[in-house]
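Enquirer: My structure file run38.txt, compact mmCIF, C-alpha atoms, is below:
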# COMPACT_ATOMS: atom_id res chain seq x y z
CA MET A 91 -18.99 -12.67 -19.92
CA LYS A 92 -20.69 -12.43 -16.57
CA ILE A 93 -19.48 -11.66 -13.07
CA ILE A 94 -21.67 -12.73 -10.18
CA CYS A 95 -21.35 -13.10 -6.46
CA PRO A 96 -22.35 -16.67 -5.42
CA SER A 97 -23.03 -15.50 -1.85
CA CYS A 98 -25.39 -12.56 -2.27
CA GLY A 99 -26.30 -12.68 -5.96
CA ASN A 100 -24.86 -9.23 -6.71
CA HIS A 101 -23.98 -8.90 -10.39
CA ARG A 102 -23.15 -5.19 -10.67
CA SER A 103 -20.32 -3.90 -8.49
CA PHE A 104 -17.08 -5.68 -7.62
CA LEU A 105 -13.69 -4.73 -6.24
CA ILE A 106 -10.47 -5.72 -7.94
CA PRO A 107 -7.03 -5.33 -6.34
CA LEU A 108 -4.36 -3.97 -8.66
CA TRP A 109 -0.63 -3.26 -8.43
CA VAL A 110 0.26 0.31 -9.36
CA ARG A 111 3.59 2.11 -9.71
CA CYS A 112 3.61 5.34 -7.78
CA ILE A 113 6.02 8.25 -8.22
CA PHE A 114 6.11 10.40 -5.14
CA LYS A 115 8.16 13.12 -3.53
CA PHE A 116 9.10 14.15 -0.05
CA ASN A 117 7.93 17.67 0.76
CA GLU A 118 10.01 19.98 2.89
CA ASP A 119 7.66 19.49 5.83
CA GLY A 120 8.16 15.71 5.66
CA THR A 121 4.81 14.87 4.06
CA LEU A 122 4.42 12.87 0.84
CA SER A 123 2.98 14.09 -2.46
CA ILE A 124 1.99 11.74 -5.26
CA LEU A 125 3.19 12.81 -8.70
CA HIS A 126 2.03 9.95 -10.91
CA VAL A 127 0.23 6.61 -10.65
CA ARG A 128 0.49 3.95 -13.37
CA GLN A 129 -1.35 0.65 -13.51
CA LEU A 130 0.99 -2.34 -13.70
CA GLU A 131 -1.41 -5.18 -14.36
CA SER A 132 -3.63 -6.07 -17.27
CA LEU A 133 -7.25 -6.13 -16.28
CA GLU A 134 -8.06 -8.87 -18.79
CA ASP A 135 -5.46 -11.16 -17.21
CA LYS A 136 -6.80 -10.45 -13.76
CA ILE A 137 -10.34 -11.37 -14.78
CA VAL A 138 -9.25 -14.54 -16.58
CA ASP A 139 -7.11 -15.58 -13.60
CA GLN A 140 -10.03 -15.24 -11.20
CA GLY A 141 -10.13 -18.28 -8.93
CA LYS A 142 -6.52 -19.22 -9.65
CA THR A 143 -4.89 -16.74 -7.28
CA SER A 144 -5.74 -15.39 -3.85
CA PHE A 145 -5.52 -11.84 -5.22
CA ALA A 146 -9.10 -12.03 -6.43
CA ILE A 147 -12.11 -10.01 -7.48
CA THR A 148 -14.49 -9.64 -4.57
CA CYS A 149 -18.09 -8.56 -4.21
CA LYS A 150 -18.50 -4.92 -3.20
CA GLU A 151 -21.60 -5.71 -1.16
CA CYS A 152 -20.54 -8.74 0.90
CA GLY A 153 -16.79 -9.17 0.27
CA ALA A 154 -17.05 -12.77 -0.98
CA ASP A 155 -14.99 -13.99 -3.94
CA ALA A 156 -16.78 -13.29 -7.19
CA GLN A 157 -17.38 -15.88 -9.88
CA VAL A 158 -16.40 -15.01 -13.45
CA ILE A 159 -18.27 -16.83 -16.19
CA LEU A 160 -16.36 -16.20 -19.40
CA ASN A 161 -18.85 -17.89 -21.72
CA GLU A 162 -22.30 -18.06 -20.23
CA TYR A 163 -23.65 -19.91 -23.28
CA GLU A 164 -21.07 -22.69 -23.00
CA ASP A 165 -23.49 -25.12 -21.30
CA LEU A 166 -26.21 -24.31 -23.83
CA ASP A 167 -23.80 -25.05 -26.71
CA ASN A 168 -22.83 -28.34 -25.07
CA ASP A 169 -26.48 -29.35 -24.70
CA LYS A 170 -27.16 -28.54 -28.35
CA ALA A 171 -24.12 -30.55 -29.40
CA ARG A 172 -25.27 -33.53 -27.31
CA CYS A 173 -28.75 -33.35 -28.85
CA ALA A 174 -27.28 -33.16 -32.35
CA ALA A 175 -25.03 -36.16 -31.61
CA LEU A 176 -27.95 -38.23 -30.28
CA GLU A 177 -30.06 -37.27 -33.28
CA GLY A 178 -27.23 -38.31 -35.57
CA LEU A 179 -27.03 -41.73 -33.89
CA MET B 279 16.27 14.44 4.00
CA LYS B 280 14.72 11.02 4.66
CA LEU B 281 15.95 8.85 1.79
CA LEU B 282 18.95 9.28 -0.47
CA CYS B 283 19.90 7.79 -3.84
CA LEU B 284 23.56 6.78 -3.61
CA ARG B 285 24.02 7.05 -7.37
CA CYS B 286 22.67 10.52 -8.23
CA GLY B 287 22.19 12.14 -4.84
CA ASN B 288 18.45 12.62 -5.30
CA TYR B 289 16.61 12.89 -2.01
CA THR B 290 13.20 14.08 -3.21
CA TYR B 291 11.67 11.91 -5.96
CA PHE B 292 11.19 8.16 -5.64
CA ILE B 293 9.17 5.28 -7.11
CA THR B 294 7.46 2.40 -5.38
CA ASP B 295 4.96 -0.32 -6.27
CA ILE B 296 1.85 -0.56 -4.15
CA THR B 297 -1.55 -2.19 -4.31
CA THR B 298 -4.82 -0.39 -4.72
CA VAL B 299 -8.43 -1.38 -5.25
CA LYS B 300 -10.60 -0.48 -8.24
CA GLU B 301 -14.27 -1.04 -8.85
CA ILE B 302 -15.64 -3.13 -11.71
CA THR B 303 -19.19 -2.32 -12.71
CA THR B 304 -21.05 -4.57 -15.11
CA ASN B 305 -24.06 -3.26 -16.96
CA GLY B 306 -25.69 -4.96 -19.91
CA GLY B 307 -22.56 -6.87 -20.90
CA LEU B 308 -20.34 -3.80 -20.57
CA ILE B 309 -17.60 -3.67 -17.97
CA THR B 310 -16.39 -0.34 -16.64
CA ILE B 311 -13.49 0.26 -14.30
CA ASP B 312 -13.49 3.23 -11.96
CA ASN B 313 -12.47 4.31 -8.51
CA ALA B 314 -14.18 2.37 -5.75
CA LEU B 315 -16.55 4.89 -4.27
CA PHE B 316 -18.39 4.41 -1.01
CA PRO B 317 -20.93 6.93 0.34
CA ASP B 318 -18.42 8.78 2.49
CA PHE B 319 -15.01 8.20 0.90
CA ASP B 320 -13.03 7.15 -2.15
CA TYR B 321 -11.60 3.73 -1.30
CA THR B 322 -9.15 3.73 -4.25
CA GLU B 323 -7.54 7.04 -3.31
CA ASP B 324 -7.52 6.06 0.33
CA THR B 325 -5.68 2.76 -0.30
CA ILE B 326 -3.09 4.46 -2.54
CA ARG B 327 -2.27 7.09 0.08
CA GLU B 328 -2.31 4.67 3.00
CA ASN B 329 -0.23 1.99 1.25
CA LEU B 330 2.31 4.56 0.07
CA LYS B 331 2.65 5.92 3.58
CA ASP B 332 2.96 2.38 4.95
CA ILE B 333 5.75 1.34 2.58
CA VAL B 334 7.71 4.57 3.14
CA ASP B 335 7.36 4.27 6.92
CA TYR B 336 8.41 0.61 6.71
CA VAL B 337 11.55 1.43 4.71
CA LEU B 338 12.45 4.30 7.04
CA LYS B 339 11.92 2.16 10.12
CA GLN B 340 13.55 -1.06 8.92
CA ASP B 341 16.43 0.58 7.07
CA ASP B 342 18.83 -2.41 6.83
CA SER B 343 16.04 -4.99 6.50
CA SER B 344 14.65 -3.24 3.44
CA LEU B 345 17.99 -3.70 1.68
CA ALA B 346 18.96 -6.86 -0.23
CA PHE B 347 22.45 -7.94 -1.28
CA ASP B 348 23.22 -8.37 -4.97
CA PRO B 349 26.09 -10.90 -5.29
CA GLU B 350 26.90 -9.88 -8.89
CA THR B 351 27.64 -6.25 -8.15
CA GLU B 352 28.39 -6.94 -4.49
CA THR B 353 26.26 -4.02 -3.42
CA TYR B 354 23.04 -3.56 -1.54
CA TYR B 355 19.84 -2.41 -3.17
CA ASN B 356 16.45 -1.35 -1.88
CA LYS B 357 13.72 -3.95 -2.41
CA HIS B 358 10.84 -1.50 -2.23
CA ILE B 359 11.84 2.00 -3.34
CA THR B 360 13.84 3.16 -6.36
CA CYS B 361 15.11 6.56 -7.45
CA ALA B 362 12.76 8.40 -9.84
CA ARG B 363 15.61 10.43 -11.39
CA CYS B 364 18.13 7.75 -12.36
CA GLY B 365 16.20 4.52 -11.72
CA SER B 366 18.84 3.22 -9.34
CA GLU B 367 17.77 0.86 -6.57
CA LYS B 368 20.57 2.01 -4.31
CA VAL B 369 18.27 4.03 -2.08
CA THR B 370 18.98 4.17 1.63
CA LYS B 371 18.51 6.38 4.60
CA PRO B 372 21.26 9.01 4.68
CA PHE B 373 24.22 7.98 6.76
CA ARG B 374 24.51 9.79 10.04
CA PRO B 375 27.51 9.47 12.32
CA LYS B 376 26.48 7.85 15.57
CA HIS B 377 26.28 9.94 18.68
CA ARG B 378 28.74 9.26 21.43
CA ILE B 379 27.96 5.96 23.07
CA VAL B 380 26.96 6.58 26.66
CA SER B 381 25.84 3.91 29.08
CA LEU B 382 22.35 4.27 30.49
CA GLU B 383 23.74 4.58 34.01
CA GLN B 384 25.97 7.48 32.99
CA GLU B 385 23.12 9.18 31.16
CA LEU B 386 20.86 8.88 34.20
CA ALA B 387 23.58 10.34 36.39
CA GLU B 388 24.07 13.26 34.01
CA ASN B 389 20.35 14.03 33.97
CA ARG B 390 19.74 13.52 37.68
CA GLU B 391 19.53 17.20 38.61
CA GLU B 392 17.05 17.85 35.82
CA TYR B 393 14.96 14.92 36.98
CA TYR B 394 14.95 16.15 40.59
CA SER B 395 13.84 19.60 39.55
CA LEU B 396 11.08 18.09 37.40
CA ARG B 397 9.86 15.96 40.30
CA LYS B 398 10.01 18.95 42.60
CA GLU B 399 7.88 20.93 40.17
CA ARG B 400 5.24 18.21 40.20
CA ASN B 401 5.24 17.92 44.00
CA ASP B 402 5.14 21.66 44.51
CA GLU B 403 2.26 22.09 42.13
CA ASP B 404 -0.16 20.59 44.66
CA ASN B 405 1.24 22.63 47.54
CA LEU B 406 1.31 26.09 46.01
CA PRO B 407 0.17 28.87 48.36
CA ILE B 408 -3.26 30.30 47.57
CA VAL B 409 -2.67 33.97 46.78
CA TRP B 410 -6.07 34.84 45.42
CA GLN B 411 -9.56 33.43 45.71
CA PRO B 412 -12.69 34.64 43.97
Could you show the structure in this file as structure tokens?

Expert:
Amino acid sequence: MKIICPSCGNHRSFLIPLWVRCIFKFNEDGTLSILHVRQLESLEDKIVDQGKTSFAITCKECGADAQVILNEYEDLDNDKARCAALEGL
Amino acid sequence: MKLLCLRCGNYTYFITDITTVKEITTNGGLITIDNALFPDFDYTEDTIRENLKDIVDYVLKQDDSSLAFDPETETYYNKHITCARCGSEKVTKPFRPKHRIVSLEQELAENREEYYSLRKERNDEDNLPIVWQP
């Protein structure tokens, strides 16, 4: 699997938005304190759903939507299969 | 007391769902998830604190608008914040009896003397006698 930014070519750092459940309390002085934070979403689902929702993975450098390539060898496999089919004919 | 659970009376501990941002780093086929760090601040922590503050302020400001009606139980529930003790969604601002309803005209009339003295203070400030000079 590969994640790349089509705009700037960055392939290292990306930002992913996530829903979290936060338990907090009101202090006596009116301020808020966070007691616990729990992730609500599966990261795998988020990566697979990239491009299908607007809640997407973005490039940390330029902010553009990232591109997730789940199987980078897919095209290579297809080419091999085509060659094998032609050879068979 | 800012928010109150109508079921258990809790006014301290609550739960809400908010969004945050994490950083994905890819290195040699490995993917690691961590806080999004920029040179001068932690973006993940910052978004959690800011979004929590935003949602609480929104609920406190909107009050009625943050409540939704449930036709089955015929009660109102909070769309954004739930009680952390009993899990109930019946969280509202505590009820306060309204102050006496006074028309603006009447209120202005009641406060007229105070206003005059305030204005006098401001006018007199520029005309104070000079009692000492260096």

Enquirer: Using all atoms listed in the file, collect all residues at a distance of at most 7 Å from (18.9, 7.2, -2.7) as written in the file, then present them as a list of chain:residue names.

Expert: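 The requested residues, written out, are B:Leu281, B:Leu282, B:Cys283, B:Leu284, B:Arg285, B:Gly287, B:Asn288, B:Tyr289, B:Cys361, B:Lys368, B:Val369, B:Thr370.
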
Enquirer: Let me have the centre and edge lengths of the axis-aligned box enclosing all listed atoms of range 337-353 of chain B with 6 Å padding on every side, in Å to one decimal, as AutoDock Vina command-line options.

Expert:
--center_x 20.0 --center_y -3.3 --center_z 0.6 --size_x 28.8 --size_y 27.2 --size_z 31.0

Enquirer: For CA of Phe104 in chain A and CA of Val127 in chain A, quote the distance in Å rounded to one decimal.

Expert: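 Rounded to one decimal, the two atoms are 21.4 Å apart.
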
Enquirer: Only residues of chain B matter here; which ones have an atom within 7 Å of chain A, counting only C-alpha atoms? Give them as an mmCIF file with C-alpha atoms, in the frame of the given file.

Expert:
data_model
loop_
_atom_site.group_PDB
_atom_site.id
_atom_site.type_symbol
_atom_site.label_atom_id
_atom_site.label_comp_id
_atom_site.auth_asym_id
_atom_site.auth_seq_id
_atom_site.Cartn_x
_atom_site.Cartn_y
_atom_site.Cartn_z
ATOM 1 C CA THR B 290 13.200 14.080 -3.210
ATOM 2 C CA TYR B 291 11.670 11.910 -5.960
ATOM 3 C CA PHE B 292 11.190 8.160 -5.640
ATOM 4 C CA ILE B 293 9.170 5.280 -7.110
ATOM 5 C CA THR B 294 7.460 2.400 -5.380
ATOM 6 C CA ASP B 295 4.960 -0.320 -6.270
ATOM 7 C CA ILE B 296 1.850 -0.560 -4.150
ATOM 8 C CA THR B 297 -1.550 -2.190 -4.310
ATOM 9 C CA THR B 298 -4.820 -0.390 -4.720
ATOM 10 C CA VAL B 299 -8.430 -1.380 -5.250
ATOM 11 C CA LYS B 300 -10.600 -0.480 -8.240
ATOM 12 C CA GLU B 301 -14.270 -1.040 -8.850
ATOM 13 C CA ILE B 302 -15.640 -3.130 -11.710
ATOM 14 C CA THR B 303 -19.190 -2.320 -12.710
ATOM 15 C CA THR B 304 -21.050 -4.570 -15.110
ATOM 16 C CA ASN B 305 -24.060 -3.260 -16.960
ATOM 17 C CA GLY B 307 -22.560 -6.870 -20.900
ATOM 18 C CA ALA B 362 12.760 8.400 -9.840
#

Enquirer: Around the point (-10.7, 3.2, -4.5) in the file's coordinates, collect all residues with an atom within 9 Å, using all atoms listed in the file, and return them as a list of chain:residue names.

Expert: A:Leu105, B:Thr298, B:Val299, B:Lys300, B:Glu301, B:Asp312, B:Asn313, B:Ala314, B:Leu315, B:Phe316, B:Phe319, B:Asp320, B:Tyr321, B:Thr322, B:Glu323, B:Asp324, B:Thr325, B:Ile326

Enquirer: Any idea what the distance is between CA of Val138 in chain A and CA of Asp169 in chain A?

Expert: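 Interatomic distance here is 24.1 Å.
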
Enquirer: Please measure the separation of CA of Ile159 in chain A and CA of Ile137 in chain A, giving the value in Å to one decimal.

Expert: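 Distance between the two atoms: 9.7 Å.
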
Enquirer: Using all atoms listed in the file, which residue out of A:Leu160, A:Cys98, A:Ala171, A:Leu179 lies closest to Glu134 in chain A?

Expert: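 Closest candidate: A:Leu160.
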
Enquirer: Please provide as an mmCIF file with C-alpha atoms, in the coordinates of the input all residues within 6 Å of Glu367 in chain B, with the sequence filter that same-chain residues fewer than 2 positions apart are discarded (counting only C-alpha atoms).

Expert:
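Written file, out26.cif:
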data_model
loop_
_atom_site.group_PDB
_atom_site.id
_atom_site.type_symbol
_atom_site.label_atom_id
_atom_site.label_comp_id
_atom_site.auth_asym_id
_atom_site.auth_seq_id
_atom_site.Cartn_x
_atom_site.Cartn_y
_atom_site.Cartn_z
ATOM 1 C CA TYR B 355 19.840 -2.410 -3.170
ATOM 2 C CA ASN B 356 16.450 -1.350 -1.880
ATOM 3 C CA THR B 360 13.840 3.160 -6.360
ATOM 4 C CA VAL B 369 18.270 4.030 -2.080
#
